[in-house]
file coords-v3.cif (mmCIF, C-alpha atoms and all ligand atoms)
data_input
loop_
_atom_site.label_atom_id
_atom_site.label_comp_id
_atom_site.auth_asym_id
_atom_site.auth_seq_id
_atom_site.Cartn_x
_atom_site.Cartn_y
_atom_site.Cartn_z
CA MET S 58 17.02 7.42 14.52
CA LEU S 59 15.66 8.52 11.17
CA LYS S 60 17.62 6.09 9.01
CA ASN S 61 17.40 2.30 8.92
CA SER S 62 20.34 0.33 10.27
CA GLU S 63 21.39 -3.15 9.19
CA GLN S 64 19.00 -4.67 11.74
CA ASN S 65 16.38 -2.05 12.54
CA TYR S 66 13.88 0.20 10.78
CA GLY S 67 14.36 3.94 11.35
CA LEU S 68 11.58 6.43 12.03
CA VAL S 69 11.04 7.46 8.39
CA SER S 70 10.44 3.87 7.18
CA ARG S 71 8.28 3.01 10.18
CA ALA S 72 6.11 6.11 9.80
CA ASN S 73 5.79 5.49 6.06
CA HIS S 74 4.88 1.82 6.63
CA TRP S 75 2.11 2.44 9.16
CA LEU S 76 0.67 5.43 7.32
CA SER S 77 0.65 3.50 4.03
CA ALA S 78 -0.80 0.43 5.76
CA ALA S 79 -3.68 2.46 7.23
CA LEU S 80 -4.34 4.13 3.88
CA PHE S 81 -4.11 0.84 2.00
CA ILE S 82 -6.57 -0.98 4.25
CA GLY S 83 -8.83 2.11 4.41
CA LEU S 84 -8.84 2.44 0.62
CA ILE S 85 -9.88 -1.18 0.13
CA GLY S 86 -12.67 -0.81 2.72
CA LEU S 87 -13.83 2.51 1.27
CA GLY S 88 -13.63 1.12 -2.27
CA ILE S 89 -15.96 -1.77 -1.43
CA TYR S 90 -18.31 0.48 0.59
CA MET S 91 -18.69 3.22 -2.02
CA HIS S 92 -19.22 0.67 -4.79
CA GLU S 93 -22.30 -0.57 -2.92
CA MET S 94 -23.71 2.94 -2.31
CA GLU S 95 -26.68 4.30 -4.23
CA LYS S 96 -25.84 6.88 -6.91
CA GLY S 97 -25.99 10.44 -5.60
CA PRO S 98 -23.91 13.28 -4.10
CA GLU S 99 -22.80 11.23 -1.07
CA ARG S 100 -21.43 8.47 -3.29
CA LEU S 101 -19.61 11.11 -5.37
CA GLU S 102 -18.05 12.51 -2.21
CA MET S 103 -16.82 9.06 -1.23
CA TYR S 104 -15.30 8.61 -4.70
CA GLN S 105 -13.49 11.96 -4.35
CA LEU S 106 -12.17 10.92 -0.96
CA HIS S 107 -11.05 7.53 -2.32
CA LYS S 108 -9.19 9.25 -5.18
CA SER S 109 -7.51 11.78 -2.88
CA LEU S 110 -6.37 9.08 -0.45
CA GLY S 111 -5.16 6.98 -3.39
CA ILE S 112 -2.97 9.85 -4.59
CA GLY S 113 -1.72 10.19 -1.00
CA LEU S 114 -0.73 6.52 -0.97
CA PHE S 115 1.06 6.93 -4.30
CA MET S 116 3.00 9.93 -2.97
CA LEU S 117 4.02 7.94 0.10
CA MET S 118 5.19 5.16 -2.20
CA MET S 119 7.37 7.60 -4.14
CA VAL S 120 8.88 8.83 -0.85
CA ARG S 121 9.44 5.18 0.15
CA LEU S 122 11.30 4.39 -3.09
CA LEU S 123 13.44 7.52 -2.72
CA TRP S 124 14.16 6.68 0.92
CA LEU S 125 15.16 3.11 -0.02
CA LYS S 126 17.96 4.61 -2.14
CA ILE S 127 19.15 6.75 0.78
CA SER S 128 18.62 4.17 3.52
CA PRO S 129 18.05 0.50 2.50
CA ASN S 130 15.73 -1.69 4.58
CA PRO S 131 17.19 -4.17 7.06
CA GLU S 132 17.29 -7.77 5.81
CA GLN S 133 14.20 -9.86 6.52
CA ILE S 134 14.48 -12.27 9.46
CA SER S 135 13.73 -15.70 7.97
CA ASN S 136 13.38 -19.16 9.45
CA SER S 137 13.33 -21.17 6.27
CA LYS S 138 14.08 -20.70 2.61
CA PHE S 139 10.36 -21.06 1.81
CA GLU S 140 9.36 -18.31 4.24
CA HIS S 141 12.21 -16.14 2.99
CA ILE S 142 10.90 -16.35 -0.58
CA LEU S 143 7.26 -15.99 0.52
CA GLY S 144 8.03 -12.92 2.64
CA HIS S 145 9.86 -11.22 -0.23
CA ALA S 146 7.13 -12.17 -2.72
CA VAL S 147 4.33 -10.79 -0.52
CA LYS S 148 6.19 -7.52 0.08
CA GLY S 149 7.00 -7.30 -3.63
CA ILE S 150 3.30 -7.65 -4.49
CA LEU S 151 2.42 -4.95 -1.93
CA TYR S 152 5.03 -2.62 -3.44
CA LEU S 153 3.63 -3.25 -6.91
CA ALA S 154 0.08 -2.73 -5.62
CA MET S 155 0.93 0.66 -4.12
CA ILE S 156 2.05 1.76 -7.60
CA MET S 157 -0.43 -0.08 -9.83
CA MET S 158 -3.61 0.52 -7.86
CA PRO S 159 -3.38 4.34 -7.91
CA ILE S 160 -2.29 4.34 -11.58
CA SER S 161 -5.07 1.98 -12.72
CA GLY S 162 -7.57 4.06 -10.70
CA TRP S 163 -6.35 7.25 -12.36
CA ILE S 164 -6.61 5.70 -15.84
CA MET S 165 -10.02 4.23 -15.00
CA SER S 166 -11.40 7.62 -13.88
CA THR S 167 -9.97 9.76 -16.66
CA THR S 168 -10.91 7.36 -19.48
CA GLY S 169 -14.41 7.30 -17.96
CA GLY S 170 -14.56 11.10 -18.18
CA HIS S 171 -13.99 11.90 -14.50
CA ASP S 172 -11.41 14.17 -12.85
CA VAL S 173 -8.90 12.92 -10.31
CA SER S 174 -7.98 15.56 -7.77
CA PHE S 175 -6.09 15.61 -4.48
CA PHE S 176 -8.48 17.18 -1.96
CA ASN S 177 -9.26 19.85 -4.59
CA LEU S 178 -5.68 21.14 -4.23
CA PHE S 179 -4.55 19.93 -7.66
CA THR S 180 -5.97 17.80 -10.44
CA LEU S 181 -4.04 15.06 -12.21
CA PRO S 182 -3.51 15.51 -15.94
CA VAL S 183 -5.63 13.53 -18.39
CA LEU S 184 -3.17 11.44 -20.41
CA ILE S 185 -5.73 9.43 -22.34
CA GLY S 186 -9.11 11.01 -23.03
CA GLU S 187 -12.43 9.22 -22.70
CA ASN S 188 -12.05 5.67 -24.00
CA GLU S 189 -14.56 2.94 -23.21
CA MET S 190 -12.28 -0.04 -23.90
CA ILE S 191 -9.35 1.22 -21.80
CA HIS S 192 -11.82 2.29 -19.11
CA GLU S 193 -13.20 -1.25 -18.85
CA ILE S 194 -9.75 -2.88 -18.79
CA ALA S 195 -8.55 -0.48 -16.03
CA GLU S 196 -11.78 -1.06 -14.09
CA GLU S 197 -11.28 -4.82 -14.28
CA ILE S 198 -7.66 -4.57 -13.10
CA HIS S 199 -8.46 -2.11 -10.29
CA GLY S 200 -11.49 -4.06 -9.05
CA THR S 201 -10.09 -7.60 -9.26
CA ALA S 202 -6.71 -6.65 -7.82
CA GLY S 203 -8.48 -4.86 -4.96
CA TYR S 204 -10.14 -8.10 -3.85
CA LEU S 205 -6.99 -10.22 -4.37
CA LEU S 206 -5.03 -7.75 -2.26
CA ILE S 207 -7.25 -8.48 0.75
CA ALA S 208 -5.79 -12.01 0.75
CA ILE S 209 -2.23 -10.70 0.28
CA VAL S 210 -2.58 -8.22 3.17
CA ALA S 211 -4.06 -11.00 5.34
CA LEU S 212 -1.06 -13.21 4.50
CA HIS S 213 1.31 -10.34 5.32
CA ILE S 214 -0.34 -9.74 8.70
CA ALA S 215 -0.40 -13.49 9.46
CA GLY S 216 3.34 -13.63 8.66
CA ALA S 217 4.08 -10.71 11.01
CA LEU S 218 2.02 -12.36 13.79
CA LYS S 219 3.70 -15.75 13.25
CA HIS S 220 7.13 -14.13 13.65
CA HIS S 221 5.99 -12.42 16.82
CA LEU S 222 4.01 -15.20 18.50
CA VAL S 223 5.66 -18.40 17.23
CA TYR S 224 9.27 -17.51 16.43
CA LYS S 225 9.28 -14.71 19.01
CA ASP S 226 11.79 -12.77 16.92
CA ALA S 227 12.18 -9.00 16.37
CA THR S 228 10.27 -8.75 13.06
CA LEU S 229 7.16 -6.98 14.41
CA LEU S 230 8.91 -5.22 17.29
CA ARG S 231 11.42 -3.50 15.03
CA MET S 232 8.59 -2.24 12.77
CA LEU S 233 7.03 -0.79 15.95
CA GLY S 234 10.34 0.78 16.93
CA LYS S 235 10.57 -1.34 20.05
CA ASN S 236 13.64 -3.37 19.19
CA LYS S 237 16.37 -1.28 20.71
CA LYS S 238 19.17 -3.82 20.49
CA GLU S 239 21.30 -4.40 17.39
CA ILE S 240 21.22 -8.19 17.02
C1 LIG C 301 -1.82 -4.52 10.74
C2 LIG C 301 -1.25 -4.60 9.57
C3 LIG C 301 0.21 -4.82 9.29
C4 LIG C 301 1.19 -5.36 10.06
C5 LIG C 301 1.06 -5.94 11.46
C6 LIG C 301 2.42 -5.28 9.30
C7 LIG C 301 3.66 -5.70 9.74
C8 LIG C 301 4.84 -5.58 9.05
C9 LIG C 301 6.14 -5.94 9.54
C10 LIG C 301 6.40 -6.54 10.90
C11 LIG C 301 7.05 -5.68 8.58
C12 LIG C 301 8.56 -5.93 8.63
C13 LIG C 301 8.89 -7.21 7.92
C14 LIG C 301 10.38 -7.46 7.88
O1 LIG C 301 11.13 -6.82 8.58
O2 LIG C 301 10.79 -8.32 7.11
C15 LIG C 301 6.34 -5.13 7.45
C16 LIG C 301 6.92 -4.74 6.27
C17 LIG C 301 6.24 -4.28 5.18
N1 LIG C 301 4.87 -4.07 5.12
FE1 LIG C 301 3.52 -4.38 6.60
N2 LIG C 301 2.16 -4.71 8.09
C18 LIG C 301 0.82 -4.43 8.04
C19 LIG C 301 0.14 -3.88 6.99
C20 LIG C 301 0.69 -3.61 5.77
C21 LIG C 301 -0.05 -3.16 4.63
C22 LIG C 301 -1.56 -2.93 4.58
C23 LIG C 301 0.83 -3.00 3.63
C24 LIG C 301 0.50 -2.54 2.26
C25 LIG C 301 0.74 -1.38 1.86
C26 LIG C 301 2.16 -3.32 4.13
C27 LIG C 301 3.32 -3.28 3.40
C28 LIG C 301 4.58 -3.62 3.86
C29 LIG C 301 5.80 -3.53 3.07
C30 LIG C 301 5.90 -3.08 1.63
C31 LIG C 301 6.84 -3.94 3.91
C32 LIG C 301 8.33 -4.01 3.56
C33 LIG C 301 9.11 -3.00 4.30
C34 LIG C 301 8.93 -1.63 3.77
O3 LIG C 301 9.35 -1.36 2.64
O4 LIG C 301 8.35 -0.79 4.49
N3 LIG C 301 2.03 -3.70 5.45
N4 LIG C 301 5.01 -5.08 7.77
#

call {"tool": "encode", "arguments": {"input": "coords-v3.cif", "output": "structure tokens"}}
result
Amino acid sequence: MLKNSEQNYGLVSRANHWLSAALFIGLIGLGIYMHEMEKGPERLEMYQLHKSLGIGLFMLMMVRLLWLKISPNPEQISNSKFEHILGHAVKGILYLAMIMMPISGWIMSTTGGHDVSFFNLFTLPVLIGENEMIHEIAEEIHGTAGYLLIAIVALHIAGALKHHLVYKDATLLRMLGKNKKEI
């Protein structure tokens, strides 16, 4: 089934989730790695790759938002009011991150005088030209948020594992497409 139902995720949302998750985790890892590299052509290549993958994540996020309008997500399975709020908050932050991280990266690059292209297929427009102050603010946001997001992703994964191993409910299974029954 492509669409979500009231209790299960459909193929489109599942594929989008796992592709975005891999990109998100990969982008954080690559971001930290390339930052530590010595200046040179290899580092530049890694930056290009990071930018291209970041645009990819942003495009997936746009598809996700469009798809949410067509086919809303199933309601979260919650065991307490606290976990209900926490689960929504963590997912809300991840949503925001998938929008804000690519945008702050784009602003950071262009105000620093660098192009942002998607695998050399197209280049993003330069909205604000070179600007040292905006460049530093965007760099601060992009860098700090990147580290904070490691904790948020860890919390998200811990939540999914707790549902699976402790509550033994369908939360993880339905994101893997293994929950065939409508509860
Ligand atoms: C191994 C890593 C991950 C696991 C095991 C995992 C697991 C899950 C599960 C089980 C759900 C469904 C929760 C529910 O039904 O209430 C979910 C939803 C979600 N996850 Fe993850 N996740 C992982 C990584 C990530 C990453 C890195 C992101 C960041 C982009 C992310 C973003 C989301 C979002 C935004 C949702 C809400 C549903 C949606 O709109 O797709 N996940 N995740």

call {"tool": "closest_residue", "arguments": {"input": "coords-v3.cif", "among": "S:Ile198, S:Ile127, S:Leu205, S:Val173", "to": "S:Leu106", "atoms": "all atoms listed in the file"}}
result
S:Val173

call {"tool": "residues_near_ligand", "arguments": {"input": "coords-v3.cif", "ligand": "ligand LIG 301 (chain C)", "cutoff": "6 Å", "atoms": "all atoms listed in the file", "output": "PyMOL selection string"}}
result
chain S and resi 70+74+77-78+81-82+133-134+148+151-152+210+214+217+228-229+232

call {"tool": "atom_distance", "arguments": {"input": "coords-v3.cif", "atom1": "atom CA of S:Leu123", "atom2": "atom CA of S:Leu80"}}
result
19.3 Å

call {"tool": "residues_around", "arguments": {"input": "coords-v3.cif", "residues": "S:His192", "least_positions_apart": "3", "cutoff": "9 Å", "atoms": "all atoms listed in the file", "output": "ChimeraX atom specification"}}
result
/S:164-169,187-189,195-197

call {"tool": "closest_residue", "arguments": {"input": "coords-v3.cif", "among": "S:Arg121, S:His171, S:Lys138, S:Lys60", "to": "S:Tyr104", "atoms": "only C-alpha atoms"}}
result
S:His171

call {"tool": "atom_distance", "arguments": {"input": "coords-v3.cif", "atom1": "atom CA of S:Leu101", "atom2": "atom CA of S:Leu76"}}
result
24.6 Å

call {"tool": "closest_residue", "arguments": {"input": "coords-v3.cif", "among": "S:Arg71, S:Arg100, S:Lys108, S:Lys225", "to": "S:Asn177", "atoms": "all atoms listed in the file"}}
result
S:Lys108

call {"tool": "closest_residue", "arguments": {"input": "coords-v3.cif", "among": "S:Met190, S:Ala72, S:Ala202, S:Met94", "to": "S:Met158", "atoms": "all atoms listed in the file"}}
result
S:Ala202

call {"tool": "decode", "arguments": {"input": "coords-v3.cif", "residues": "stretch 151-191 of chain S", "atoms": "N, CA and C atoms", "output": "PDB file, in the first residue's frame"}}
result
ATOM      1  N   LEU S 151      12.911  17.129  14.636  1.00  0.00           N
ATOM      2  CA  LEU S 151      13.533  16.500  13.459  1.00  0.00           C
ATOM      3  C   LEU S 151      12.968  17.095  12.160  1.00  0.00           C
ATOM      4  N   TYR S 152      11.665  17.348  12.145  1.00  0.00           N
ATOM      5  CA  TYR S 152      11.052  18.002  10.982  1.00  0.00           C
ATOM      6  C   TYR S 152      11.705  19.360  10.735  1.00  0.00           C
ATOM      7  N   LEU S 153      11.783  20.136  11.824  1.00  0.00           N
ATOM      8  CA  LEU S 153      12.352  21.483  11.735  1.00  0.00           C
ATOM      9  C   LEU S 153      13.808  21.406  11.251  1.00  0.00           C
ATOM     10  N   ALA S 154      14.532  20.412  11.786  1.00  0.00           N
ATOM     11  CA  ALA S 154      15.949  20.261  11.431  1.00  0.00           C
ATOM     12  C   ALA S 154      16.109  19.964   9.947  1.00  0.00           C
ATOM     13  N   MET S 155      15.197  19.151   9.392  1.00  0.00           N
ATOM     14  CA  MET S 155      15.332  18.786   7.980  1.00  0.00           C
ATOM     15  C   MET S 155      15.033  19.969   7.064  1.00  0.00           C
ATOM     16  N   ILE S 156      14.453  21.030   7.625  1.00  0.00           N
ATOM     17  CA  ILE S 156      14.238  22.261   6.852  1.00  0.00           C
ATOM     18  C   ILE S 156      15.360  23.262   7.157  1.00  0.00           C
ATOM     19  N   MET S 157      15.621  23.463   8.453  1.00  0.00           N
ATOM     20  CA  MET S 157      16.556  24.510   8.870  1.00  0.00           C
ATOM     21  C   MET S 157      18.024  24.186   8.574  1.00  0.00           C
ATOM     22  N   MET S 158      18.392  22.923   8.685  1.00  0.00           N
ATOM     23  CA  MET S 158      19.805  22.586   8.446  1.00  0.00           C
ATOM     24  C   MET S 158      20.209  22.861   6.991  1.00  0.00           C
ATOM     25  N   PRO S 159      19.421  22.364   6.003  1.00  0.00           N
ATOM     26  CA  PRO S 159      19.812  22.688   4.622  1.00  0.00           C
ATOM     27  C   PRO S 159      19.786  24.195   4.343  1.00  0.00           C
ATOM     28  N   ILE S 160      18.762  24.902   4.879  1.00  0.00           N
ATOM     29  CA  ILE S 160      18.662  26.340   4.596  1.00  0.00           C
ATOM     30  C   ILE S 160      19.839  27.102   5.239  1.00  0.00           C
ATOM     31  N   SER S 161      20.166  26.763   6.496  1.00  0.00           N
ATOM     32  CA  SER S 161      21.279  27.487   7.136  1.00  0.00           C
ATOM     33  C   SER S 161      22.601  27.159   6.430  1.00  0.00           C
ATOM     34  N   GLY S 162      22.726  25.919   5.934  1.00  0.00           N
ATOM     35  CA  GLY S 162      23.932  25.533   5.195  1.00  0.00           C
ATOM     36  C   GLY S 162      24.059  26.317   3.896  1.00  0.00           C
ATOM     37  N   TRP S 163      22.937  26.465   3.224  1.00  0.00           N
ATOM     38  CA  TRP S 163      22.895  27.210   1.953  1.00  0.00           C
ATOM     39  C   TRP S 163      23.288  28.676   2.196  1.00  0.00           C
ATOM     40  N   ILE S 164      22.683  29.276   3.242  1.00  0.00           N
ATOM     41  CA  ILE S 164      22.997  30.678   3.556  1.00  0.00           C
ATOM     42  C   ILE S 164      24.473  30.807   3.950  1.00  0.00           C
ATOM     43  N   MET S 165      24.934  29.847   4.771  1.00  0.00           N
ATOM     44  CA  MET S 165      26.325  29.872   5.231  1.00  0.00           C
ATOM     45  C   MET S 165      27.291  29.858   4.033  1.00  0.00           C
ATOM     46  N   SER S 166      27.040  28.944   3.088  1.00  0.00           N
ATOM     47  CA  SER S 166      27.930  28.817   1.927  1.00  0.00           C
ATOM     48  C   SER S 166      27.902  30.058   1.054  1.00  0.00           C
ATOM     49  N   THR S 167      26.691  30.499   0.698  1.00  0.00           N
ATOM     50  CA  THR S 167      26.599  31.603  -0.268  1.00  0.00           C
ATOM     51  C   THR S 167      27.098  32.922   0.326  1.00  0.00           C
ATOM     52  N   THR S 168      26.832  33.147   1.630  1.00  0.00           N
ATOM     53  CA  THR S 168      27.334  34.397   2.221  1.00  0.00           C
ATOM     54  C   THR S 168      28.853  34.322   2.430  1.00  0.00           C
ATOM     55  N   GLY S 169      29.387  33.101   2.385  1.00  0.00           N
ATOM     56  CA  GLY S 169      30.849  32.934   2.480  1.00  0.00           C
ATOM     57  C   GLY S 169      31.508  32.934   1.113  1.00  0.00           C
ATOM     58  N   GLY S 170      30.689  33.114   0.064  1.00  0.00           N
ATOM     59  CA  GLY S 170      31.234  33.206  -1.296  1.00  0.00           C
ATOM     60  C   GLY S 170      31.389  31.867  -2.004  1.00  0.00           C
ATOM     61  N   HIS S 171      30.672  30.842  -1.530  1.00  0.00           N
ATOM     62  CA  HIS S 171      30.771  29.522  -2.171  1.00  0.00           C
ATOM     63  C   HIS S 171      29.441  29.125  -2.818  1.00  0.00           C
ATOM     64  N   ASP S 172      29.555  28.370  -3.919  1.00  0.00           N
ATOM     65  CA  ASP S 172      28.368  27.865  -4.624  1.00  0.00           C
ATOM     66  C   ASP S 172      27.764  26.685  -3.887  1.00  0.00           C
ATOM     67  N   VAL S 173      26.452  26.483  -4.089  1.00  0.00           N
ATOM     68  CA  VAL S 173      25.823  25.271  -3.568  1.00  0.00           C
ATOM     69  C   VAL S 173      25.149  24.578  -4.733  1.00  0.00           C
ATOM     70  N   SER S 174      25.710  23.434  -5.136  1.00  0.00           N
ATOM     71  CA  SER S 174      25.112  22.752  -6.283  1.00  0.00           C
ATOM     72  C   SER S 174      24.697  21.335  -5.899  1.00  0.00           C
ATOM     73  N   PHE S 175      23.775  20.791  -6.709  1.00  0.00           N
ATOM     74  CA  PHE S 175      23.286  19.435  -6.492  1.00  0.00           C
ATOM     75  C   PHE S 175      23.963  18.536  -7.514  1.00  0.00           C
ATOM     76  N   PHE S 176      25.017  17.853  -7.073  1.00  0.00           N
ATOM     77  CA  PHE S 176      25.808  16.966  -7.937  1.00  0.00           C
ATOM     78  C   PHE S 176      26.105  17.596  -9.302  1.00  0.00           C
ATOM     79  N   ASN S 177      26.415  18.880  -9.306  1.00  0.00           N
ATOM     80  CA  ASN S 177      26.709  19.644 -10.522  1.00  0.00           C
ATOM     81  C   ASN S 177      25.562  19.656 -11.537  1.00  0.00           C
ATOM     82  N   LEU S 178      24.363  19.260 -11.102  1.00  0.00           N
ATOM     83  CA  LEU S 178      23.227  19.247 -12.041  1.00  0.00           C
ATOM     84  C   LEU S 178      22.579  20.628 -12.087  1.00  0.00           C
ATOM     85  N   PHE S 179      22.458  21.251 -10.918  1.00  0.00           N
ATOM     86  CA  PHE S 179      21.975  22.642 -10.865  1.00  0.00           C
ATOM     87  C   PHE S 179      22.586  23.315  -9.650  1.00  0.00           C
ATOM     88  N   THR S 180      22.630  24.641  -9.706  1.00  0.00           N
ATOM     89  CA  THR S 180      23.212  25.424  -8.614  1.00  0.00           C
ATOM     90  C   THR S 180      22.119  26.278  -7.986  1.00  0.00           C
ATOM     91  N   LEU S 181      22.096  26.316  -6.664  1.00  0.00           N
ATOM     92  CA  LEU S 181      21.078  27.121  -5.989  1.00  0.00           C
ATOM     93  C   LEU S 181      21.364  28.609  -6.186  1.00  0.00           C
ATOM     94  N   PRO S 182      20.298  29.419  -6.254  1.00  0.00           N
ATOM     95  CA  PRO S 182      20.523  30.853  -6.429  1.00  0.00           C
ATOM     96  C   PRO S 182      21.186  31.469  -5.195  1.00  0.00           C
ATOM     97  N   VAL S 183      21.851  32.585  -5.404  1.00  0.00           N
ATOM     98  CA  VAL S 183      22.475  33.311  -4.288  1.00  0.00           C
ATOM     99  C   VAL S 183      21.517  34.427  -3.886  1.00  0.00           C
ATOM    100  N   LEU S 184      20.838  34.250  -2.753  1.00  0.00           N
ATOM    101  CA  LEU S 184      19.857  35.263  -2.338  1.00  0.00           C
ATOM    102  C   LEU S 184      20.549  36.452  -1.679  1.00  0.00           C
ATOM    103  N   ILE S 185      21.502  36.134  -0.790  1.00  0.00           N
ATOM    104  CA  ILE S 185      22.259  37.208  -0.139  1.00  0.00           C
ATOM    105  C   ILE S 185      23.705  37.021  -0.612  1.00  0.00           C
ATOM    106  N   GLY S 186      24.321  38.080  -1.054  1.00  0.00           N
ATOM    107  CA  GLY S 186      25.717  37.973  -1.502  1.00  0.00           C
ATOM    108  C   GLY S 186      26.657  37.757  -0.327  1.00  0.00           C
ATOM    109  N   GLU S 187      27.941  37.885  -0.589  1.00  0.00           N
ATOM    110  CA  GLU S 187      28.919  37.670   0.498  1.00  0.00           C
ATOM    111  C   GLU S 187      28.660  38.644   1.645  1.00  0.00           C
ATOM    112  N   ASN S 188      28.585  38.085   2.861  1.00  0.00           N
ATOM    113  CA  ASN S 188      28.295  38.916   4.031  1.00  0.00           C
ATOM    114  C   ASN S 188      28.869  38.214   5.259  1.00  0.00           C
ATOM    115  N   GLU S 189      29.911  38.781   5.816  1.00  0.00           N
ATOM    116  CA  GLU S 189      30.643  38.135   6.907  1.00  0.00           C
ATOM    117  C   GLU S 189      29.773  37.881   8.143  1.00  0.00           C
ATOM    118  N   MET S 190      28.952  38.886   8.513  1.00  0.00           N
ATOM    119  CA  MET S 190      28.163  38.750   9.744  1.00  0.00           C
ATOM    120  C   MET S 190      27.121  37.626   9.602  1.00  0.00           C
ATOM    121  N   ILE S 191      26.379  37.663   8.492  1.00  0.00           N
ATOM    122  CA  ILE S 191      25.352  36.625   8.277  1.00  0.00           C
ATOM    123  C   ILE S 191      26.021  35.252   8.145  1.00  0.00           C
TER     124      ILE S 191
END
